[in-house]
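For reference, final-v1.txt (compact mmCIF, C-alpha atoms):
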# COMPACT_ATOMS: atom_id res chain seq x y z
CA MET H 1 36.71 0.41 -52.39
CA SER H 2 34.46 -0.24 -49.47
CA THR H 3 34.84 1.67 -46.26
CA PRO H 4 33.64 0.40 -42.90
CA LYS H 5 30.77 2.87 -43.16
CA GLN H 6 29.57 1.41 -46.47
CA ARG H 7 29.83 -2.09 -45.17
CA ALA H 8 27.63 -1.31 -42.21
CA ARG H 9 24.91 -0.33 -44.67
CA SER H 10 25.10 -3.47 -46.74
CA PRO H 11 21.87 -5.49 -46.61
CA GLY H 12 21.49 -8.80 -44.90
CA GLY H 13 22.13 -9.49 -41.25
CA LEU H 14 24.09 -12.64 -41.99
CA VAL H 15 26.74 -10.91 -43.98
CA ASP H 16 27.03 -7.97 -41.65
CA GLU H 17 27.53 -10.29 -38.75
CA PHE H 18 30.70 -11.56 -40.34
CA GLN H 19 31.82 -8.29 -41.82
CA SER H 20 31.88 -6.35 -38.59
CA GLY H 21 35.39 -5.22 -37.82
CA PRO H 22 37.11 -5.03 -34.45
CA ARG H 23 34.61 -3.96 -31.84
CA ALA H 24 35.31 -0.81 -29.87
CA THR H 25 35.47 -1.23 -26.14
CA VAL H 26 33.62 1.23 -23.94
CA PRO H 27 36.09 3.92 -22.88
CA ALA H 28 36.42 5.21 -19.33
CA ALA H 29 35.01 8.72 -18.84
CA GLY H 30 38.41 10.41 -19.06
CA GLU H 31 39.35 8.65 -22.27
CA GLN H 32 36.36 9.86 -24.27
CA THR H 33 38.06 12.75 -26.07
CA HIS H 34 41.10 10.69 -26.83
CA VAL H 35 39.03 7.97 -28.44
CA GLN H 36 37.00 10.46 -30.47
CA GLN H 37 40.15 12.07 -31.78
CA ARG H 38 41.61 8.78 -32.80
CA GLN H 39 38.55 7.44 -34.56
CA PRO H 40 38.98 9.03 -38.00
CA LYS H 41 42.52 7.70 -38.24
CA PHE H 42 41.36 4.25 -37.22
CA ALA H 43 38.65 4.31 -39.88
CA HIS H 44 41.18 5.40 -42.50
CA GLY H 45 43.44 2.52 -41.45
CA LEU H 46 40.60 0.03 -42.00
CA GLY H 47 40.05 1.39 -45.51
CA GLU H 48 43.69 0.73 -46.30
CA LEU H 49 43.39 -2.74 -44.82
CA ASP H 50 40.43 -3.45 -47.12
CA ALA H 51 42.42 -2.25 -50.11
CA ALA H 52 45.36 -4.44 -49.12
CA LYS H 53 43.06 -7.39 -48.63
CA ALA H 54 41.38 -6.89 -52.02
CA GLU H 55 44.79 -6.74 -53.67
CA PHE H 56 45.80 -9.90 -51.82
CA VAL H 57 42.66 -11.74 -52.99
CA ALA H 58 43.26 -10.73 -56.60
CA ARG H 59 46.83 -12.03 -56.45
CA VAL H 60 46.03 -15.23 -54.63
CA SER H 61 43.20 -16.00 -57.03
CA HIS H 62 45.65 -15.65 -59.91
CA GLU H 63 48.18 -17.88 -58.16
CA LEU H 64 45.61 -20.55 -57.32
CA ARG H 65 43.92 -20.67 -60.69
CA HIS H 66 47.08 -21.04 -62.76
CA PRO H 67 48.21 -24.37 -61.26
CA LEU H 68 44.64 -25.71 -61.42
CA CYS H 69 44.41 -24.57 -65.02
CA ASN H 70 47.52 -26.56 -65.91
CA LEU H 71 46.39 -29.66 -64.02
CA LEU H 72 42.90 -29.71 -65.53
CA GLY H 73 44.21 -28.95 -69.02
CA TYR H 74 46.70 -31.80 -69.11
CA LEU H 75 44.23 -34.16 -67.45
CA GLU H 76 41.80 -33.49 -70.27
CA ILE H 77 44.49 -34.12 -72.90
CA LEU H 78 45.63 -37.33 -71.19
CA GLN H 79 42.07 -38.59 -70.84
CA ASP H 80 41.14 -38.03 -74.48
CA GLY H 81 43.80 -40.56 -75.46
CA SER H 82 45.45 -38.28 -78.02
CA VAL H 83 48.90 -38.74 -76.47
CA GLY H 84 48.69 -42.52 -76.27
CA ALA H 85 46.30 -45.28 -75.37
CA VAL H 86 44.98 -45.17 -71.82
CA SER H 87 44.50 -48.45 -69.95
CA ARG H 88 41.42 -49.10 -67.85
CA GLU H 89 43.36 -48.62 -64.58
CA GLN H 90 44.96 -45.44 -65.88
CA ARG H 91 41.59 -44.10 -66.96
CA HIS H 92 40.22 -44.68 -63.50
CA MET H 93 43.20 -42.92 -61.89
CA LEU H 94 42.89 -39.98 -64.27
CA GLU H 95 39.18 -39.70 -63.51
CA VAL H 96 39.88 -39.62 -59.77
CA MET H 97 42.54 -36.93 -60.30
CA ASP H 98 40.19 -34.95 -62.51
CA HIS H 99 37.34 -35.21 -60.03
CA ASN H 100 39.54 -34.09 -57.14
CA THR H 101 41.07 -31.24 -59.08
CA HIS H 102 37.56 -29.99 -59.82
CA ARG H 103 36.78 -30.36 -56.13
CA LEU H 104 39.79 -28.23 -55.28
CA LEU H 105 38.74 -25.67 -57.87
CA SER H 106 35.27 -25.49 -56.39
CA LEU H 107 36.72 -24.97 -52.91
CA VAL H 108 39.01 -22.24 -54.22
CA GLU H 109 36.08 -20.50 -55.93
CA ASN H 110 34.02 -20.65 -52.73
CA LEU H 111 36.89 -19.33 -50.60
CA LEU H 112 37.60 -16.52 -53.04
CA THR H 113 33.93 -15.54 -53.19
CA THR H 114 33.91 -15.44 -49.37
CA GLU H 115 37.03 -13.26 -49.41
CA HIS H 116 35.38 -10.88 -51.87
CA ILE H 117 32.32 -10.66 -49.62
CA ASP H 118 34.57 -9.84 -46.64
CA ALA H 119 36.68 -7.32 -48.48
CA GLY H 120 33.58 -5.55 -49.77
CA THR H 121 34.76 -6.22 -53.34
CA TYR H 122 31.98 -8.66 -54.19
CA ARG H 123 30.45 -7.39 -57.43
CA LEU H 124 27.97 -8.75 -59.90
CA HIS H 125 28.67 -8.57 -63.61
CA ARG H 126 25.18 -8.79 -65.00
CA THR H 127 24.18 -9.76 -68.50
CA ARG H 128 21.06 -11.30 -69.99
CA VAL H 129 21.46 -14.98 -69.12
CA PRO H 130 19.55 -17.90 -70.66
CA LEU H 131 19.07 -20.24 -67.70
CA SER H 132 19.12 -23.41 -69.80
CA GLY H 133 22.72 -22.81 -70.94
CA ILE H 134 23.94 -22.65 -67.35
CA VAL H 135 21.94 -25.66 -66.25
CA ASP H 136 23.10 -27.77 -69.23
CA HIS H 137 26.74 -26.97 -68.50
CA LEU H 138 26.31 -27.73 -64.83
CA VAL H 139 24.53 -31.03 -65.35
CA GLN H 140 27.28 -32.11 -67.74
CA LEU H 141 29.91 -31.19 -65.13
CA LEU H 142 28.11 -33.04 -62.33
CA ALA H 143 27.12 -36.12 -64.33
CA PRO H 144 30.09 -38.22 -63.08
CA ASP H 145 29.25 -37.43 -59.41
CA ILE H 146 25.59 -38.25 -59.96
CA GLN H 147 26.54 -41.52 -61.63
CA ASP H 148 29.09 -42.40 -58.92
CA ARG H 149 26.43 -42.15 -56.26
CA ALA H 150 23.84 -44.00 -58.35
CA LEU H 151 21.39 -41.10 -58.14
CA ARG H 152 18.57 -40.28 -60.49
CA CYS H 153 18.62 -36.68 -61.62
CA THR H 154 15.68 -34.92 -63.26
CA VAL H 155 15.85 -31.45 -64.74
CA SER H 156 12.72 -29.67 -65.79
CA LEU H 157 12.97 -26.09 -66.99
CA GLN H 158 10.22 -23.99 -68.45
CA PRO H 159 11.60 -23.20 -71.92
CA GLY H 160 13.09 -19.81 -72.74
CA ILE H 161 13.79 -18.45 -69.25
CA GLU H 162 16.18 -15.47 -69.37
CA LEU H 163 17.18 -13.22 -66.51
CA ASP H 164 19.46 -10.27 -65.68
CA ALA H 165 22.16 -11.98 -63.67
CA ASP H 166 25.84 -12.63 -63.29
CA PRO H 167 26.28 -15.92 -65.19
CA ASP H 168 29.31 -17.09 -63.17
CA GLN H 169 27.58 -16.36 -59.89
CA LEU H 170 24.37 -18.00 -61.04
CA GLU H 171 26.29 -21.13 -61.96
CA ARG H 172 28.15 -21.05 -58.61
CA MET H 173 24.80 -20.77 -56.82
CA LEU H 174 23.31 -23.76 -58.66
CA ALA H 175 26.56 -25.75 -58.40
CA ASN H 176 26.60 -25.34 -54.62
CA LEU H 177 22.94 -26.36 -54.32
CA MET H 178 23.29 -29.37 -56.62
CA SER H 179 26.51 -30.47 -54.98
CA ASN H 180 24.77 -30.41 -51.57
CA ALA H 181 21.88 -32.44 -52.97
CA ILE H 182 24.34 -34.99 -54.37
CA LYS H 183 26.40 -35.18 -51.17
CA PHE H 184 23.47 -35.55 -48.80
CA THR H 185 21.40 -38.04 -50.80
CA PRO H 186 22.10 -41.75 -50.28
CA PRO H 187 22.55 -44.05 -53.31
CA ASP H 188 19.44 -44.72 -55.43
CA GLY H 189 17.96 -41.43 -54.31
CA HIS H 190 16.51 -38.76 -56.55
CA ILE H 191 17.55 -35.14 -57.09
CA GLU H 192 15.52 -32.70 -59.07
CA LEU H 193 16.09 -29.24 -60.47
CA THR H 194 13.07 -27.29 -61.65
CA ALA H 195 12.63 -23.72 -62.85
CA ARG H 196 9.54 -21.81 -63.88
CA VAL H 197 8.48 -18.22 -64.30
CA ASP H 198 6.09 -16.65 -61.82
CA ALA H 199 5.04 -12.99 -61.83
CA GLY H 200 8.26 -11.49 -63.18
CA HIS H 201 10.46 -13.89 -61.24
CA VAL H 202 12.15 -17.17 -61.89
CA VAL H 203 11.47 -19.79 -59.23
CA ILE H 204 14.24 -22.38 -59.05
CA THR H 205 13.94 -25.43 -56.81
CA VAL H 206 16.58 -28.02 -56.04
CA ARG H 207 14.95 -30.96 -54.32
CA ASP H 208 16.47 -34.18 -53.05
CA THR H 209 15.39 -37.34 -51.25
CA GLY H 210 18.40 -37.10 -48.95
CA ILE H 211 19.01 -37.21 -45.22
CA GLY H 212 17.35 -33.83 -44.58
CA VAL H 213 18.06 -31.19 -41.95
CA PRO H 214 16.44 -31.20 -38.49
CA ILE H 215 14.21 -28.18 -37.91
CA GLU H 216 16.40 -26.82 -35.09
CA GLU H 217 19.42 -26.67 -37.40
CA GLN H 218 17.63 -25.03 -40.32
CA PRO H 219 18.03 -21.41 -39.16
CA GLN H 220 21.80 -21.91 -39.12
CA LEU H 221 22.09 -23.30 -42.64
CA PHE H 222 23.23 -20.01 -44.18
CA ARG H 223 25.88 -19.30 -41.58
CA ARG H 224 29.45 -19.47 -42.68
CA PHE H 225 31.24 -22.71 -41.76
CA PHE H 226 28.01 -24.22 -40.47
CA ARG H 227 28.01 -28.00 -40.82
CA SER H 228 24.97 -30.03 -39.88
CA THR H 229 25.30 -32.68 -37.17
CA ALA H 230 24.56 -35.32 -39.80
CA SER H 231 27.40 -34.19 -42.05
CA ASP H 232 29.83 -34.72 -39.18
CA THR H 233 28.29 -38.03 -38.12
CA LEU H 234 28.26 -39.38 -41.67
CA GLU H 235 31.66 -37.82 -42.45
CA ILE H 236 30.35 -35.93 -45.46
CA GLN H 237 33.05 -33.61 -46.73
CA GLY H 238 32.64 -29.88 -47.06
CA ALA H 239 33.87 -26.57 -45.72
CA GLY H 240 30.46 -25.19 -44.74
CA LEU H 241 30.66 -22.34 -47.26
CA GLY H 242 28.20 -23.50 -49.92
CA LEU H 243 24.91 -22.16 -48.59
CA PHE H 244 26.54 -19.07 -47.07
CA ILE H 245 27.62 -18.13 -50.59
CA VAL H 246 24.33 -19.16 -52.19
CA ASN H 247 22.51 -16.84 -49.80
CA ARG H 248 24.85 -13.95 -50.63
CA ILE H 249 24.43 -14.50 -54.38
CA VAL H 250 20.63 -14.62 -54.07
CA GLU H 251 20.66 -11.45 -51.95
CA ALA H 252 22.92 -9.59 -54.40
CA HIS H 253 20.48 -10.42 -57.22
CA GLY H 254 17.56 -9.08 -55.17
CA GLY H 255 16.06 -12.52 -54.63
CA VAL H 256 14.88 -14.63 -51.71
CA ILE H 257 15.66 -18.17 -50.62
CA ALA H 258 13.70 -20.71 -48.57
CA VAL H 259 14.47 -24.18 -47.29
CA ALA H 260 11.99 -26.93 -46.53
CA SER H 261 13.39 -30.11 -45.07
CA ALA H 262 12.54 -33.11 -42.95
CA PRO H 263 15.06 -35.65 -41.63
CA GLY H 264 14.97 -38.87 -43.63
CA GLU H 265 12.67 -37.40 -46.27
CA GLY H 266 14.77 -34.84 -48.06
CA THR H 267 15.39 -31.16 -48.63
CA ALA H 268 14.02 -28.60 -51.06
CA VAL H 269 15.75 -25.26 -51.53
CA THR H 270 13.67 -22.71 -53.43
CA ILE H 271 15.10 -19.52 -54.86
CA ARG H 272 13.12 -16.68 -56.32
CA LEU H 273 15.03 -14.19 -58.48
CA PRO H 274 13.68 -11.19 -60.40
CA LEU H 275 13.87 -11.66 -64.19
CA ARG H 276 14.71 -7.99 -64.64
CA ARG H 277 17.14 -6.00 -62.56
CA VAL H 278 15.29 -4.12 -59.81
CA MET S 1 49.06 -23.84 -91.85
CA THR S 2 47.34 -21.33 -89.56
CA LYS S 3 49.83 -19.41 -87.47
CA ALA S 4 49.01 -18.84 -83.80
CA LEU S 5 50.88 -16.91 -81.13
CA VAL S 6 50.35 -17.82 -77.47
CA VAL S 7 51.27 -15.14 -74.93
CA ASP S 8 51.35 -15.95 -71.21
CA ASP S 9 53.93 -15.19 -68.54
CA ASP S 10 53.23 -18.58 -66.91
CA PRO S 11 55.38 -20.90 -69.06
CA ASP S 12 53.25 -23.95 -68.20
CA VAL S 13 49.99 -22.31 -69.28
CA CYS S 14 51.77 -21.10 -72.40
CA ASP S 15 52.96 -24.64 -73.20
CA LEU S 16 49.55 -26.18 -72.45
CA VAL S 17 47.73 -23.90 -74.91
CA ALA S 18 50.51 -24.20 -77.48
CA TYR S 19 50.54 -28.00 -77.20
CA LYS S 20 46.80 -28.30 -77.74
CA LEU S 21 46.87 -25.94 -80.72
CA GLU S 22 49.81 -27.84 -82.26
CA GLN S 23 47.89 -31.07 -81.76
CA SER S 24 45.05 -29.45 -83.68
CA GLY S 25 47.27 -28.54 -86.61
CA PHE S 26 48.32 -24.98 -85.87
CA ASP S 27 51.81 -23.58 -86.37
CA VAL S 28 52.40 -22.15 -82.89
CA ARG S 29 54.85 -19.60 -81.49
CA ARG S 30 55.14 -18.66 -77.82
CA ALA S 31 55.83 -15.37 -76.05
CA GLN S 32 56.11 -14.78 -72.32
CA SER S 33 55.86 -11.01 -72.04
CA GLY S 34 54.10 -8.10 -73.68
CA GLN S 35 57.30 -6.96 -75.38
CA GLN S 36 57.99 -10.47 -76.73
CA ALA S 37 54.42 -10.53 -78.06
CA LEU S 38 54.90 -7.22 -79.91
CA ASP S 39 58.17 -8.48 -81.42
CA ALA S 40 56.69 -11.84 -82.40
CA VAL S 41 53.70 -10.30 -84.14
CA ALA S 42 55.90 -7.85 -86.04
CA ALA S 43 58.24 -10.66 -87.15
CA GLN S 44 55.80 -13.51 -87.86
CA GLN S 45 52.39 -11.95 -88.61
CA PRO S 46 50.30 -14.69 -86.95
CA ASP S 47 46.67 -15.26 -87.94
CA VAL S 48 45.49 -15.40 -84.34
CA VAL S 49 46.85 -14.46 -80.91
CA LEU S 50 45.93 -15.85 -77.48
CA LEU S 51 46.86 -13.09 -75.09
CA ASP S 52 47.04 -13.26 -71.29
CA ILE S 53 45.82 -10.06 -69.66
CA MET S 54 47.71 -10.08 -66.38
CA MET S 55 51.43 -10.02 -67.12
CA PRO S 56 54.17 -8.16 -65.27
CA GLY S 57 55.50 -5.14 -67.14
CA MET S 58 53.34 -4.50 -70.18
CA SER S 59 49.86 -5.97 -69.63
CA GLY S 60 47.90 -7.80 -72.30
CA LEU S 61 45.54 -4.85 -72.60
CA GLU S 62 48.41 -2.45 -73.32
CA VAL S 63 49.68 -4.84 -75.97
CA LEU S 64 46.22 -5.09 -77.53
CA GLU S 65 45.85 -1.31 -77.55
CA ARG S 66 49.13 -0.92 -79.42
CA TRP S 67 48.06 -3.45 -82.03
CA ARG S 68 44.72 -1.73 -82.53
CA LEU S 69 46.42 1.66 -83.04
CA ASP S 70 48.75 0.23 -85.68
CA GLY S 71 47.19 -0.14 -89.15
CA SER S 72 49.02 -3.37 -89.92
CA THR S 73 47.68 -5.16 -86.81
CA ALA S 74 44.37 -3.32 -86.29
CA LYS S 75 42.38 -6.34 -87.53
CA LEU S 76 44.52 -9.07 -85.91
CA ALA S 77 42.34 -11.80 -84.33
CA VAL S 78 42.94 -11.69 -80.57
CA LEU S 79 41.46 -13.90 -77.82
CA LEU S 80 42.13 -12.77 -74.27
CA LEU S 81 43.08 -15.22 -71.54
CA THR S 82 41.91 -14.10 -68.14
CA ALA S 83 41.46 -15.19 -64.55
CA LYS S 84 37.90 -14.71 -63.32
CA ALA S 85 38.86 -11.92 -60.95
CA GLN S 86 39.58 -9.61 -63.86
CA GLU S 87 36.11 -9.04 -65.28
CA SER S 88 36.56 -5.30 -65.56
CA ASP S 89 39.62 -6.03 -67.68
CA VAL S 90 37.47 -8.14 -69.99
CA GLU S 91 35.11 -5.21 -70.53
CA ARG S 92 38.09 -3.01 -71.35
CA GLY S 93 39.39 -5.74 -73.65
CA PHE S 94 36.16 -5.75 -75.65
CA GLU S 95 36.28 -1.95 -75.89
CA LEU S 96 39.73 -2.35 -77.38
CA GLY S 97 38.35 -4.81 -79.92
CA ALA S 98 39.25 -8.23 -78.54
CA ASP S 99 37.48 -10.97 -80.53
CA ASP S 100 36.72 -13.26 -77.60
CA TYR S 101 37.94 -14.10 -74.12
CA ILE S 102 38.66 -17.35 -72.33
CA VAL S 103 38.51 -17.71 -68.57
CA LYS S 104 41.13 -19.72 -66.65
CA PRO S 105 40.95 -22.52 -65.86
CA PHE S 106 39.84 -23.45 -69.36
CA SER S 107 39.32 -26.69 -71.21
CA PRO S 108 42.00 -26.96 -73.95
CA ARG S 109 39.37 -28.47 -76.27
CA GLU S 110 37.22 -25.38 -75.71
CA VAL S 111 40.18 -23.11 -76.49
CA VAL S 112 40.60 -24.74 -79.92
CA ARG S 113 36.86 -24.48 -80.56
CA ARG S 114 36.83 -20.78 -79.71
CA VAL S 115 39.95 -20.05 -81.76
CA ASN S 116 38.38 -21.76 -84.79
CA ALA S 117 35.13 -19.85 -84.25
CA VAL S 118 36.97 -16.51 -84.20
CA LEU S 119 38.99 -17.44 -87.29
CA SER S 120 35.91 -18.45 -89.26
CA ARG S 121 34.23 -15.17 -88.26
CA VAL S 122 37.26 -13.14 -89.30
CA SER S 123 37.68 -14.89 -92.67
CA ARG S 124 34.03 -14.38 -93.60
What do you get writing this file as structure tokens?
Amino acid sequence: MSTPKQRARSPGGLVDEFQSGPRATVPAAGEQTHVQQRQPKFAHGLGELDAAKAEFVARVSHELRHPLCNLLGYLEILQDGSVGAVSREQRHMLEVMDHNTHRLLSLVENLLTTEHIDAGTYRLHRTRVPLSGIVDHLVQLLAPDIQDRALRCTVSLQPGIELDADPDQLERMLANLMSNAIKFTPPDGHIELTARVDAGHVVITVRDTGIGVPIEEQPQLFRRFFRSTASDTLEIQGAGLGLFIVNRIVEAHGGVIAVASAPGEGTAVTIRLPLRRV
Amino acid sequence: MTKALVVDDDPDVCDLVAYKLEQSGFDVRRAQSGQQALDAVAAQQPDVVLLDIMMPGMSGLEVLERWRLDGSTAKLAVLLLTAKAQESDVERGFELGADDYIVKPFSPREVVRRVNAVLSRVSR
């Protein structure tokens, strides 16, 4: 379990900024001893709070995933037609329900990841991951969204890329990047996912021909709850957690992330992750 | 007919998995607690068990451990059902000899595929 002391040491200014607990106020001269005496107890209390919070997250995640599991499961069974013929209108309604249930699931996953980061219980479960498996699964999952928005999607992976990574987190990272590219690219646009190996690292780029991010907003992209001016103006949905989490996942894997973007031209997010655990 | 036992304290999840397996030609029984699972296996000797890890009272892992310690159920095909938050439990599950694990939320089609894969491995 993380203590406030451990959290202060965790890398990455962005995360620390949000993890900092209640700030101590400067005591008056006479209060000094009193404050010093109380500090250990206060620190102990925070540790307990973290433990309680971690327990809460574990329970809530269980409670949120079960209903979604039932919804998605029966939606799949209904859609495959095995319990009776599905009319065209019904199929459309089921697809909308399915799409929105997945959206809810994605939001839940992002919120839970954020909670884990806060509680200091964010952990990677690394294995040797073939990148193509994750990308194939993701592209299959996102195909309806890509089609809905009439986008062209190109995937080009150097064959045989494998890395030491947490497969769920890697998929979450790519899902958040791809979902941004889809959301922020107008119809008939192009999104592209490429991956290649370079000097012991995998370099993954998600590029789109979307609305782009103005230079003055770019430094804020990885801040929690940050939403670009354009996403508000154009009423593009989102909680502002996607890139915050992507950044944390990249950091935890010992990688780096960079964004290049110009309004009206598009955005390219490039991630560089070590192939072997460092 | 292949006999399957589905164990989950959430009755809806239990029904969902059972329904899909029945649709795919399995003879399915349900249990909603660790104790019910132990009783059901002793009484019906299923070919495969889908076992939820996080259950009140006796957890899925405790149930699995008991089966592995008992000669008559040591080789029973068991797939664990787990929420993503319980990865350390999955590691423990594999140590105890689980044959596979399925993360919630799952695709029912995928569950059937994985069950069949485990069964074909076991029968080989």
Considering all atoms listed in the file, return as a PyMOL selection string whatever protein or nucleic-acid residues lie within 8 Å of segment 13-18 of chain S, sequence-local ones (same chain, fewer than 3 positions apart) excluded. (chain H and resi 66+69-70+73-74) or (chain S and resi 6-10+21-22+28-32+108+111)
Please determine, counting all atoms listed in the file, which residue among S:Lys104, S:Val41, S:Val48, S:Asp89 has the shortest atom-to-atom distance to Arg121 of chain S. S:Val48
For chain S, list the residues within 9 Å of chain H, counting all atoms listed in the file, and write the list as a ChimeraX atom specification. /S:10,12-13,16-17,20,23,54,83-88,104-109
Name the closest residue to Val108 of chain H among the candidates H:Ala195, H:Ala230, H:Gly242, H:Ala252; distances are taken between atoms, counting all atoms listed in the file.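 Checking each candidate against Val108 of chain H, we get H:Gly242 as the closest.
Using only C-alpha atoms, the residues found no farther than 9 Å from segment 90-92 of chain S, other than those of its own chain fewer than 3 positions away, are Ile53, Leu61, Leu80, Thr82, Gln86, Glu87, Glu95, Leu96, Gly97, Ala98 and Tyr101 of chain S.
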Any idea what the distance is between atom CA of Ala117 of chain S and atom CA of Asp52 of chain S?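 Computing it gives 18.8 Å between the two atoms.
Of note, atom CA of Leu38 of chain S and atom CA of Trp67 of chain S are spaced 8.1 Å apart.
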Expressed in Å to a single decimal, how great is the separation between atom CA of Gly60 of chain S and atom CA of Ile102 of chain S?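 A separation of 13.3 Å between them.
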For Gly160 of chain H, which residue among H:Pro187, H:Gly81, H:Pro274, H:Gly133 is the nearest when counting all atoms listed in the file?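 With all atoms listed in the file as the atom set, the closest residue is H:Gly133.
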Using 6 Å of padding on each side, determine the axis-aligned box around all atoms of segment 180-189 of chain H present in the file and give its centre and edge lengths in Å to one decimal, as lines of an AutoDock Vina configuration file.
center_x = 22.2
center_y = -37.6
center_z = -52.1
size_x = 20.4
size_y = 26.3
size_z = 18.6
List the neighbours of Ala143 of chain H out to 9 Å using only C-alpha atoms; skip same-chain residues closer than 5 positions along the sequence, and give me the result as a short mmCIF file (atom, residue, chain, number, x, y, z; two decimals) with C-alpha atoms, in the frame of the given file.
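Saved as part_7.cif:
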data_model
loop_
_atom_site.label_atom_id
_atom_site.label_comp_id
_atom_site.auth_asym_id
_atom_site.auth_seq_id
_atom_site.Cartn_x
_atom_site.Cartn_y
_atom_site.Cartn_z
CA LEU H 138 26.31 -27.73 -64.83
CA ASP H 148 29.09 -42.40 -58.92
CA CYS H 153 18.62 -36.68 -61.62
#
Within-9 Å shell of (15.6, -34.3, -56.1) in input frame, only C-alpha atoms, as a PDB file with C-alpha atoms, in the frame of the given file:
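Dumped everything to part-v8.pdb:
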ATOM      1  CA  ARG H 152      18.570 -40.280 -60.490  1.00  0.00           C
ATOM      2  CA  CYS H 153      18.620 -36.680 -61.620  1.00  0.00           C
ATOM      3  CA  THR H 154      15.680 -34.920 -63.260  1.00  0.00           C
ATOM      4  CA  ALA H 181      21.880 -32.440 -52.970  1.00  0.00           C
ATOM      5  CA  ILE H 182      24.340 -34.990 -54.370  1.00  0.00           C
ATOM      6  CA  THR H 185      21.400 -38.040 -50.800  1.00  0.00           C
ATOM      7  CA  GLY H 189      17.960 -41.430 -54.310  1.00  0.00           C
ATOM      8  CA  HIS H 190      16.510 -38.760 -56.550  1.00  0.00           C
ATOM      9  CA  ILE H 191      17.550 -35.140 -57.090  1.00  0.00           C
ATOM     10  CA  GLU H 192      15.520 -32.700 -59.070  1.00  0.00           C
ATOM     11  CA  LEU H 193      16.090 -29.240 -60.470  1.00  0.00           C
ATOM     12  CA  VAL H 206      16.580 -28.020 -56.040  1.00  0.00           C
ATOM     13  CA  ARG H 207      14.950 -30.960 -54.320  1.00  0.00           C
ATOM     14  CA  ASP H 208      16.470 -34.180 -53.050  1.00  0.00           C
ATOM     15  CA  THR H 209      15.390 -37.340 -51.250  1.00  0.00           C
ATOM     16  CA  GLY H 210      18.400 -37.100 -48.950  1.00  0.00           C
ATOM     17  CA  GLY H 266      14.770 -34.840 -48.060  1.00  0.00           C
ATOM     18  CA  THR H 267      15.390 -31.160 -48.630  1.00  0.00           C
ATOM     19  CA  ALA H 268      14.020 -28.600 -51.060  1.00  0.00           C
TER      20      ALA H 268
END
Spatial neighbours of Lys75 of chain S, max dist 10 Å, all atoms listed in the file, sep filter under 3 positions, as a list of chain:residue names: S:Asp47, S:Trp67, S:Arg68, S:Asp70, S:Gly71, S:Ser72, S:Val78, S:Gly97, S:Ala98, S:Asp99, S:Val122
Write out the residues from the selection above, keeping C-alpha atoms, as an mmCIF file, keeping the file's coordinate frame.
data_model
loop_
_atom_site.group_PDB
_atom_site.id
_atom_site.type_symbol
_atom_site.label_atom_id
_atom_site.label_comp_id
_atom_site.auth_asym_id
_atom_site.auth_seq_id
_atom_site.Cartn_x
_atom_site.Cartn_y
_atom_site.Cartn_z
ATOM 1 C CA ASP S 47 46.670 -15.260 -87.940
ATOM 2 C CA TRP S 67 48.060 -3.450 -82.030
ATOM 3 C CA ARG S 68 44.720 -1.730 -82.530
ATOM 4 C CA ASP S 70 48.750 0.230 -85.680
ATOM 5 C CA GLY S 71 47.190 -0.140 -89.150
ATOM 6 C CA SER S 72 49.020 -3.370 -89.920
ATOM 7 C CA VAL S 78 42.940 -11.690 -80.570
ATOM 8 C CA GLY S 97 38.350 -4.810 -79.920
ATOM 9 C CA ALA S 98 39.250 -8.230 -78.540
ATOM 10 C CA ASP S 99 37.480 -10.970 -80.530
ATOM 11 C CA VAL S 122 37.260 -13.140 -89.300
#
